Amino acid sequence: MTIEGSSESSWQQSDNFRINSSGDASHDSGDIRGRKERDRVVVEPVVHAMDWSDVSLRQWLDNPERSVDAIECLHIFMQIVEIVDLSHSLGIVVHNVRPSCFVMSSFNHVSFIESSSCSDSGSESLDYGSSSQTAKFKGSSSPLPSDSHQQRSHSGTENSQLEIIPTNASNIISEISCLQSSSINPIPNSLEVGDNVEQMEEKKPFFPMKQVLLREMNWYTSPEEVGGAPSSCASDIYRLGVLLFELFCPFTSAEEKCSTMSTMRHRLLPPQLLLKWPKEALFCLGLLHPEPSSRPKMSELLQSEFLNKPRDNIKEREAAIELQERIEEQELLLEFLLLMQQRKQEAADNLQETISFLSSDTEEVIKQQSKHWRKGGLCPDLGKDSVSNLSMIKKVGNEDSGCSGSRKRYKPGLHSHNVEESGDHLLEGETAGNEVSILSKSPRLMKNFKKWESAYFLTRHRANSSVSLVGRGSIIATERNSVKNLPLKDHYNEARQSGWINLFLEGLCKYLSFTKLQVKADLKQGDLLNSSKLVCSVSFDRDGEFFATAGVNKKIKVFEYHTVANDRQDIHYPVVELTSISKLSSICWNSYIKSQIASSNFGGMVQVWDVTRNQVYMEMREHEKHVWSVDFSFADPTLLASGSDDGSVKLWNTNQGVSVGTIKTKANVCCVQFSIDSAHSLAFGSADQRIYYYDIRNSKVPLCTLIGHEKTVSYVKFIDSTNLVSASIDNTLKLWDLSTCSSQVDCPLQSFTGHTNVKNFVGLSVFEGYIATGSETNEVFVYHKVFPTPALSFKFDSTEPLSGDVNDTPQFISSLCWHGQSSTLVAANSLGNIKLLEMV
């Protein structure tokens, strides 16, 4: 810190000093030389940069639970005495010797911060009006040693004062030391502190901390200052006496403390202090003498037996405290290292477990592959040593016939080879480059390697969990019939070891089997008189020979698939055209009766059409609002379901023409779907962001509710009897497992992201694990159920289907449907463009 003196006092004549960290004062130039110019003294170890762990001495003293420890109190008092002695040696009076101006760091190290005036912006620090030196303190401090008083200057000691000028940093320190309290106003020179402090409290409202600071200034104002005399070094001695009294006399309440401290100028000490701490009380009375000249000088204070006697004990205690501090620091470091070691060990254990089952899976794959080779007569003795098998697999992996990761995993024309030919075949291509050629030929796999890694672990965990349930069932059956024990057990072990691998392998190979979607054909219609082009639904018949489209033009158009796919015609005409009285939202072909198509429309009507007769077979008008979806049961061709904005799902029997059941919900129903192999299982999606799975024989309570989407569920489709995929306008598809579902499921097996869907119904269709959906970017995306990101995509152009003009308005895919007999799908967009897309 730097101390800058004014030109009015004798401090002008002093030389420059620097106080080093040990507290010794040394001359910058050897001897004191007189000066006429303004001096600047650098003093380092007095003012402390406050740490967050520091506590104000005022706060520490006011703790009602504080107990008096004589050595601790004397240690704190001596540090403050040494700080005051340092200022006096420089000819400066420290009139702010108050607890609020000191902070205590760890192990009772005391540091001076500055005047705790906590003034508001524009207000000044507390001052008593005498002509005084102005000091600016910077830097940090530590407790000062006892011998710092030996080198001092006494010139102008009685007429000098110490005042701290807050800088930006010190303003922050001041705010912290006052516990973020508001300011107090400066006390004018004419104010008699002892008599008029109550008047100030009445004039302005104070926060509790303000009142404490104001009372503190009253308590620490010496009798001569109350009488109007300037502050002096003797005044600091008086303040030290008040501080010593506070250290050794704790109070249980603020009222008791205020009452006792107000009588301090009359040297009326509490009886308990006189009885318990007689020496300290006697020393305190000497410091509090009403006559400044009768108080001990600073040199007498430092040389007194009272302060010097306990120094050895204090040093020993401080050394013990520092030792304890170091031990605690080492314990902290030790705990940190042990915790880090524990976490790393857990990570290592997890990694070791992962490597273990990777090795197990590798051996299982080798075993399966060797079985296939033996069946083909390629490698008769593989499988004895997994390590040698692995090296052989790498060598043979370059050939299409032996590549498990290749798209062509099986060749029908493969002939058997003898052992010699097989051996020659294995020795070909042994370079390291050839060993990695399988992965190098699959850049899509390497690009998404991390995601496939996650998919691998997910599939393994899911499959093993389901197999373990099967295993427990097998064990129960074994206990009932010991004769069937071995076959069941062997079957269980085989399923447990290889079942999930085949699932993952299927997904991996299907993902890599196709590289793109390409246009197989464009469906060009000649409906020039109808401007409504949006296709809302597409559906194939049971044999894949015909597909139908329906939309806002109120028409169902039936096209012959092979004609559209193979004939390059300018215009494609439907073989059948059915007209509805309202805009159509959904159609579904009967999976058994080839001539029946069900439709739903915006008017709340459900219709069943006879395609061969080109007429309505039946109409059902029980819904009250827009019907979004219809679906025929796969298991019962006479059973039909529909979902509506009226919050109901209706079940219809086409032989009766009326509803045979109703499921009521609290939100709009946007989609319905029967299970593939059961006429009793039905799922539907709702505007309340949930999917409900029902056994329609008990329509009061769902079997389970699937929770996970964040917006309206627009489509649900069964991939197989136990897996369901759902679409929502929250930009996601989700895969659900219904085999082990409880009443509520909030964790899907997989979430698929990559397409954009926040507003429109964009279509959803499934085929052999492939999931096709549209996007509001005018693209078709194809996922596989094992992998969360798109495998393939295709973007429609924005041209009008007939005129060929470019339409700049945003377009989206409105519907799509897999052919069911091949890797082809029909997709339509909001402009009415219909394309046959094929995976190649």
# chains A, B, ... in the order shown; residues from 1 in each chain; ligands from 1
call {"tool": "residues_around", "arguments": {"residues": "A:Thr260", "least_positions_apart": "5", "cutoff": "9 Å", "atoms": "only C-alpha atoms", "output": "PyMOL selection string"}}
result
chain A and resi 255+268-270
call {"tool": "residues_around", "arguments": {"residues": "A:Phe248", "least_positions_apart": "2", "cutoff": "12 Å", "atoms": "only C-alpha atoms", "output": "ChimeraX atom specification"}}
result
/A:61,66-74,76-77,241-246,250-251,269-270,272-281,283-284
call {"tool": "closest_residue", "arguments": {"among": "A:Cys671, A:Cys233, A:Val745, A:Leu640", "to": "A:Leu90", "atoms": "only C-alpha atoms"}}
result
A:Cys233
call {"tool": "residues_around", "arguments": {"residues": "A:Lys700", "least_positions_apart": "4", "cutoff": "12 Å", "atoms": "only C-alpha atoms", "output": "list of chain:residue names"}}
result
A:Gly661, A:Thr662, A:Ile663, A:Lys664, A:Thr665, A:Tyr692, A:Tyr693, A:Tyr694, A:Asp695, A:Ile696, A:Cys704
call {"tool": "write_last_selection", "arguments": {"atoms": "C-alpha atoms", "output": "PDB file, in the first residue's frame"}}
result
ATOM      1  CA  GLY A 661     -67.438 -50.115 -29.179  1.00  0.00           C
ATOM      2  CA  THR A 662     -66.154 -46.662 -28.220  1.00  0.00           C
ATOM      3  CA  ILE A 663     -63.035 -45.577 -26.358  1.00  0.00           C
ATOM      4  CA  LYS A 664     -63.349 -42.059 -24.943  1.00  0.00           C
ATOM      5  CA  THR A 665     -60.338 -39.813 -24.311  1.00  0.00           C
ATOM      6  CA  TYR A 692     -52.517 -45.385 -25.625  1.00  0.00           C
ATOM      7  CA  TYR A 693     -52.373 -49.161 -26.027  1.00  0.00           C
ATOM      8  CA  TYR A 694     -55.675 -50.967 -25.416  1.00  0.00           C
ATOM      9  CA  ASP A 695     -57.129 -54.408 -25.303  1.00  0.00           C
ATOM     10  CA  ILE A 696     -60.470 -53.497 -26.905  1.00  0.00           C
ATOM     11  CA  CYS A 704     -50.310 -48.993 -20.977  1.00  0.00           C
TER      12      CYS A 704
END
call {"tool": "residues_around", "arguments": {"residues": "stretch 749-766 of chain A", "least_positions_apart": "2", "cutoff": "8 Å", "atoms": "only C-alpha atoms", "output": "PyMOL selection string"}}
result
chain A and resi 537+714-719+727-737+747+768-777+781+783+785-790+812-818
call {"tool": "write_last_selection", "arguments": {"atoms": "N, CA and C atoms", "output": "tab-separated table (two decimals), in the first residue's frame"}}
result
chain	number	residue	atom	x	y	z
A	537	SER	N	-53.27	-39.25	-47.98
A	537	SER	CA	-53.09	-40.64	-47.61
A	537	SER	C	-52.82	-41.49	-48.85
A	714	SER	N	-48.88	-37.79	-34.23
A	714	SER	CA	-49.58	-37.76	-35.51
A	714	SER	C	-49.78	-39.14	-36.12
A	715	TYR	N	-48.87	-40.09	-35.86
A	715	TYR	CA	-48.99	-41.44	-36.44
A	715	TYR	C	-48.49	-42.48	-35.44
A	716	VAL	N	-49.08	-43.68	-35.52
A	716	VAL	CA	-48.54	-44.86	-34.84
A	716	VAL	C	-48.58	-46.02	-35.82
A	717	LYS	N	-47.50	-46.83	-35.84
A	717	LYS	CA	-47.44	-48.00	-36.71
A	717	LYS	C	-46.77	-49.14	-35.95
A	718	PHE	N	-47.30	-50.36	-36.09
A	718	PHE	CA	-46.69	-51.54	-35.50
A	718	PHE	C	-45.61	-52.06	-36.45
A	719	ILE	N	-44.36	-52.17	-35.93
A	719	ILE	CA	-43.29	-52.79	-36.71
A	719	ILE	C	-43.44	-54.31	-36.67
A	727	ALA	N	-44.91	-41.17	-34.44
A	727	ALA	CA	-44.41	-39.91	-35.01
A	727	ALA	C	-45.14	-38.75	-34.35
A	728	SER	N	-44.42	-37.64	-34.23
A	728	SER	CA	-45.00	-36.46	-33.59
A	728	SER	C	-44.49	-35.21	-34.29
A	729	ILE	N	-45.20	-34.11	-34.07
A	729	ILE	CA	-44.74	-32.84	-34.63
A	729	ILE	C	-43.70	-32.19	-33.72
A	730	ASP	N	-42.98	-33.01	-32.94
A	730	ASP	CA	-41.84	-32.52	-32.15
A	730	ASP	C	-40.51	-32.90	-32.82
A	731	ASN	N	-40.56	-33.22	-34.13
A	731	ASN	CA	-39.36	-33.55	-34.93
A	731	ASN	C	-38.78	-34.92	-34.62
A	732	THR	N	-39.54	-35.81	-33.99
A	732	THR	CA	-38.97	-37.11	-33.63
A	732	THR	C	-39.92	-38.25	-33.99
A	733	LEU	N	-39.32	-39.42	-34.19
A	733	LEU	CA	-40.02	-40.69	-34.16
A	733	LEU	C	-39.51	-41.43	-32.94
A	734	LYS	N	-40.36	-42.27	-32.35
A	734	LYS	CA	-39.92	-43.03	-31.17
A	734	LYS	C	-40.35	-44.48	-31.31
A	735	LEU	N	-39.45	-45.37	-30.89
A	735	LEU	CA	-39.70	-46.81	-30.93
A	735	LEU	C	-40.00	-47.30	-29.52
A	736	TRP	N	-41.09	-48.08	-29.39
A	736	TRP	CA	-41.54	-48.54	-28.08
A	736	TRP	C	-41.60	-50.06	-28.05
A	737	ASP	N	-41.29	-50.62	-26.88
A	737	ASP	CA	-41.37	-52.06	-26.67
A	737	ASP	C	-42.61	-52.34	-25.81
A	747	CYS	N	-40.00	-44.34	-21.32
A	747	CYS	CA	-38.64	-44.49	-21.85
A	747	CYS	C	-38.70	-45.31	-23.14
A	768	GLU	N	-40.29	-54.25	-42.83
A	768	GLU	CA	-39.14	-55.08	-42.48
A	768	GLU	C	-38.07	-54.31	-41.69
A	769	GLY	N	-38.49	-53.55	-40.72
A	769	GLY	CA	-37.56	-52.80	-39.88
A	769	GLY	C	-37.21	-51.43	-40.41
A	770	TYR	N	-37.53	-51.14	-41.67
A	770	TYR	CA	-37.30	-49.81	-42.22
A	770	TYR	C	-38.49	-48.92	-41.88
A	771	ILE	N	-38.19	-47.69	-41.53
A	771	ILE	CA	-39.21	-46.72	-41.15
A	771	ILE	C	-39.08	-45.52	-42.07
A	772	ALA	N	-40.13	-45.25	-42.85
A	772	ALA	CA	-40.12	-44.11	-43.76
A	772	ALA	C	-41.01	-43.01	-43.22
A	773	THR	N	-40.54	-41.79	-43.31
A	773	THR	CA	-41.33	-40.64	-42.87
A	773	THR	C	-41.01	-39.46	-43.76
A	774	GLY	N	-41.92	-38.50	-43.79
A	774	GLY	CA	-41.70	-37.30	-44.56
A	774	GLY	C	-41.11	-36.19	-43.71
A	775	SER	N	-40.86	-35.08	-44.36
A	775	SER	CA	-40.26	-33.94	-43.67
A	775	SER	C	-40.81	-32.65	-44.25
A	776	GLU	N	-40.82	-31.62	-43.46
A	776	GLU	CA	-41.27	-30.31	-43.92
A	776	GLU	C	-40.20	-29.58	-44.71
A	777	THR	N	-39.10	-30.27	-44.99
A	777	THR	CA	-38.09	-29.78	-45.92
A	777	THR	C	-38.29	-30.38	-47.31
A	781	PHE	N	-37.34	-39.41	-45.62
A	781	PHE	CA	-36.26	-40.00	-44.83
A	781	PHE	C	-36.60	-41.45	-44.52
A	783	TYR	N	-35.32	-44.55	-42.01
A	783	TYR	CA	-34.55	-45.00	-40.85
A	783	TYR	C	-34.60	-46.53	-40.80
A	785	LYS	N	-34.81	-49.45	-37.63
A	785	LYS	CA	-35.20	-49.46	-36.22
A	785	LYS	C	-34.02	-49.56	-35.26
A	786	VAL	N	-32.86	-50.03	-35.73
A	786	VAL	CA	-31.70	-50.19	-34.85
A	786	VAL	C	-30.92	-48.89	-34.69
A	787	PHE	N	-31.01	-48.00	-35.68
A	787	PHE	CA	-30.11	-46.84	-35.73
A	787	PHE	C	-30.91	-45.54	-35.66
A	788	PRO	N	-30.47	-44.55	-34.85
A	788	PRO	CA	-31.31	-43.37	-34.58
A	788	PRO	C	-31.27	-42.29	-35.65
A	789	THR	N	-30.37	-42.34	-36.61
A	789	THR	CA	-30.29	-41.31	-37.63
A	789	THR	C	-30.65	-41.89	-38.99
A	790	PRO	N	-31.01	-41.05	-39.95
A	790	PRO	CA	-31.50	-41.56	-41.24
A	790	PRO	C	-30.45	-42.39	-41.97
A	812	PHE	N	-43.89	-29.69	-48.31
A	812	PHE	CA	-43.61	-30.76	-47.37
A	812	PHE	C	-44.14	-32.08	-47.93
A	813	ILE	N	-43.59	-33.18	-47.44
A	813	ILE	CA	-44.10	-34.49	-47.79
A	813	ILE	C	-45.40	-34.70	-47.01
A	814	SER	N	-46.46	-35.10	-47.70
A	814	SER	CA	-47.77	-35.18	-47.06
A	814	SER	C	-48.20	-36.61	-46.74
A	815	SER	N	-47.68	-37.59	-47.48
A	815	SER	CA	-48.04	-38.98	-47.20
A	815	SER	C	-47.08	-39.91	-47.92
A	816	LEU	N	-46.99	-41.16	-47.44
A	816	LEU	CA	-46.15	-42.18	-48.08
A	816	LEU	C	-46.57	-43.56	-47.61
A	817	CYS	N	-46.17	-44.57	-48.38
A	817	CYS	CA	-46.54	-45.94	-48.02
A	817	CYS	C	-45.59	-46.91	-48.73
A	818	TRP	N	-45.09	-47.90	-47.98
A	818	TRP	CA	-44.25	-48.94	-48.57
A	818	TRP	C	-45.10	-49.85	-49.46
call {"tool": "residues_around", "arguments": {"residues": "A:Ser721", "least_positions_apart": "5", "cutoff": "9 Å", "atoms": "only C-alpha atoms", "output": "list in words"}}
result
Ser675, Ile676, Asp677, Ser678, Leu738 and Ser739 of chain A
call {"tool": "write_last_selection", "arguments": {"atoms": "N, CA and C atoms", "output": "PDB file, in the first residue's frame"}}
result
ATOM      1  N   SER A 675     -52.909 -53.987 -33.949  1.00  0.00           N
ATOM      2  CA  SER A 675     -51.714 -54.818 -33.901  1.00  0.00           C
ATOM      3  C   SER A 675     -51.702 -55.767 -35.091  1.00  0.00           C
ATOM      4  N   ILE A 676     -50.497 -56.222 -35.476  1.00  0.00           N
ATOM      5  CA  ILE A 676     -50.348 -57.051 -36.663  1.00  0.00           C
ATOM      6  C   ILE A 676     -50.988 -58.420 -36.484  1.00  0.00           C
ATOM      7  N   ASP A 677     -50.880 -59.013 -35.295  1.00  0.00           N
ATOM      8  CA  ASP A 677     -51.302 -60.397 -35.114  1.00  0.00           C
ATOM      9  C   ASP A 677     -52.445 -60.573 -34.121  1.00  0.00           C
ATOM     10  N   SER A 678     -53.100 -59.488 -33.732  1.00  0.00           N
ATOM     11  CA  SER A 678     -54.174 -59.610 -32.756  1.00  0.00           C
ATOM     12  C   SER A 678     -55.310 -58.665 -33.126  1.00  0.00           C
ATOM     13  N   LEU A 738     -43.574 -53.078 -26.380  1.00  0.00           N
ATOM     14  CA  LEU A 738     -44.813 -53.368 -25.669  1.00  0.00           C
ATOM     15  C   LEU A 738     -44.795 -54.712 -24.954  1.00  0.00           C
ATOM     16  N   SER A 739     -43.697 -55.452 -25.096  1.00  0.00           N
ATOM     17  CA  SER A 739     -43.672 -56.807 -24.525  1.00  0.00           C
ATOM     18  C   SER A 739     -43.575 -56.800 -23.008  1.00  0.00           C
TER      19      SER A 739
END
call {"tool": "select_by_dssp", "arguments": {"residues": "stretch 740-821 of chain A", "states": "strand (DSSP E or B)", "output": "ChimeraX atom specification"}}
result
/A:744-745,750-752,764-767,770-774,779-784,787-795,799,806,813-818
